[in-house]
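*Asks:* Here it is, the structure, as structure tokens.
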Amino acid sequence: MHQDIVLERLRARFIDRIAKLKPDLGDSFEAARHGRDVTANLTTIMSESHRIAGLAGSFAFEDLGASASDAETAIRHVLRGNRDREALSQMMKSVRAMLDRMAECLRENEVRRLIAS
């Protein structure tokens, strides 16, 4: 019982973090996409993707964890110098997929909250 309460609190903190992070990552993605501070913005997204990938599965967000891992890998590939059309396209798809999964997690959490009340 106590472990369930602790896990639920940690899950709530993770969701709060996702809610705060999603708009920032979206802004960083758009800035990089338009050529503004590309390396800095992609590095920020990659770092946060790594954190999300490491934590998401612990809170039953396996799809988010997988998409964050894909985004991290694709960004790392581009930052290491592979900037051909296919690599850039894959990176953009991966980041968009992660942002979409973040939005899904937030919606699922809201539905869960409504059902619980």
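Numbering starts fresh at 1 for the residues of each chain in the structure tokens, the chains themselves are lettered A, B, ... in the order given, and ligands are numbered from 1 as they appear.
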Residues within 7 Å of region 39-43 of chain A, please, as a PyMOL selection string. Count only C-alpha atoms; anything in the same chain fewer than 4 positions from it doesn't count.
*Replies:* chain A and resi 28-29+32+47+75
*Asks:* Using only C-alpha atoms, which residues sit within 10 Å of Arg11 (chain A) once same-chain residues fewer than 6 positions away are excluded, as a VMD selection string?
*Replies:* chain A and resid 5 17 55 to 56 58 to 61 109
*Asks:* Would you return as a ChimeraX atom specification the members of region 16-95 of chain A that DSSP assigns to alpha helix (DSSP H) on this structure's backbone?
*Replies:* /A:16-33,38-56,62-79,85-95
*Asks:* Name the residues in contact with Ser67 (chain A) at a cut-off of 10 Å, using only C-alpha atoms, excluding same-chain residues fewer than 5 positions from it; report them as a PyMOL selection string.
*Replies:* chain A and resi 49+52-53+62+72-73+93-102
*Asks:* For the selection you just gave me, I'd like the residues written to a file as a compact mmCIF listing (two decimals), in the first residue's frame, keeping N, CA and C atoms.
*Replies:*
```txt
# COMPACT_ATOMS: atom_id res chain seq x y z
N SER A 49 15.38 14.03 -23.82
CA SER A 49 14.90 12.75 -24.37
C SER A 49 15.53 11.59 -23.61
N ILE A 52 13.80 11.30 -20.23
CA ILE A 52 12.45 10.74 -20.40
C ILE A 52 12.52 9.25 -20.71
N ALA A 53 13.41 8.87 -21.61
CA ALA A 53 13.56 7.46 -21.98
C ALA A 53 13.89 6.61 -20.77
N GLU A 62 5.57 3.13 -21.64
CA GLU A 62 6.57 2.47 -22.47
C GLU A 62 6.69 3.11 -23.85
N GLU A 72 16.39 10.57 -29.11
CA GLU A 72 17.77 10.76 -28.63
C GLU A 72 18.77 10.19 -29.64
N THR A 73 18.52 8.98 -30.10
CA THR A 73 19.42 8.33 -31.05
C THR A 73 19.51 9.10 -32.36
N LYS A 93 11.06 13.29 -37.63
CA LYS A 93 9.96 12.36 -37.34
C LYS A 93 10.04 11.86 -35.91
N SER A 94 11.24 11.54 -35.47
CA SER A 94 11.43 11.00 -34.11
C SER A 94 11.08 12.02 -33.04
N VAL A 95 11.51 13.25 -33.24
CA VAL A 95 11.20 14.30 -32.25
C VAL A 95 9.70 14.58 -32.24
N ARG A 96 9.10 14.67 -33.42
CA ARG A 96 7.64 14.89 -33.47
C ARG A 96 6.89 13.75 -32.79
N ALA A 97 7.33 12.52 -33.02
CA ALA A 97 6.69 11.36 -32.39
C ALA A 97 6.79 11.44 -30.87
N MET A 98 7.96 11.85 -30.37
CA MET A 98 8.12 11.98 -28.93
C MET A 98 7.18 13.06 -28.38
N LEU A 99 7.11 14.20 -29.06
CA LEU A 99 6.22 15.27 -28.61
C LEU A 99 4.76 14.81 -28.64
N ASP A 100 4.39 14.05 -29.66
CA ASP A 100 3.03 13.50 -29.73
C ASP A 100 2.77 12.54 -28.58
N ARG A 101 3.74 11.69 -28.26
CA ARG A 101 3.58 10.75 -27.14
C ARG A 101 3.48 11.50 -25.81
N MET A 102 4.21 12.58 -25.68
CA MET A 102 4.11 13.39 -24.46
C MET A 102 2.68 13.92 -24.32
```
*Asks:* Nearest residue to Asp63 (chain A) out of A:Arg83, A:Arg76, A:Ala103, A:Ile45, using only C-alpha atoms?
*Replies:*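 Result for the nearest residue to Asp63 (chain A): A:Ala103.
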*Asks:* One decimal, Å: what's the distance from CA of Arg9 (chain A) over to CA of Asp27 (chain A), could you say?
*Replies:* 28.0 Å
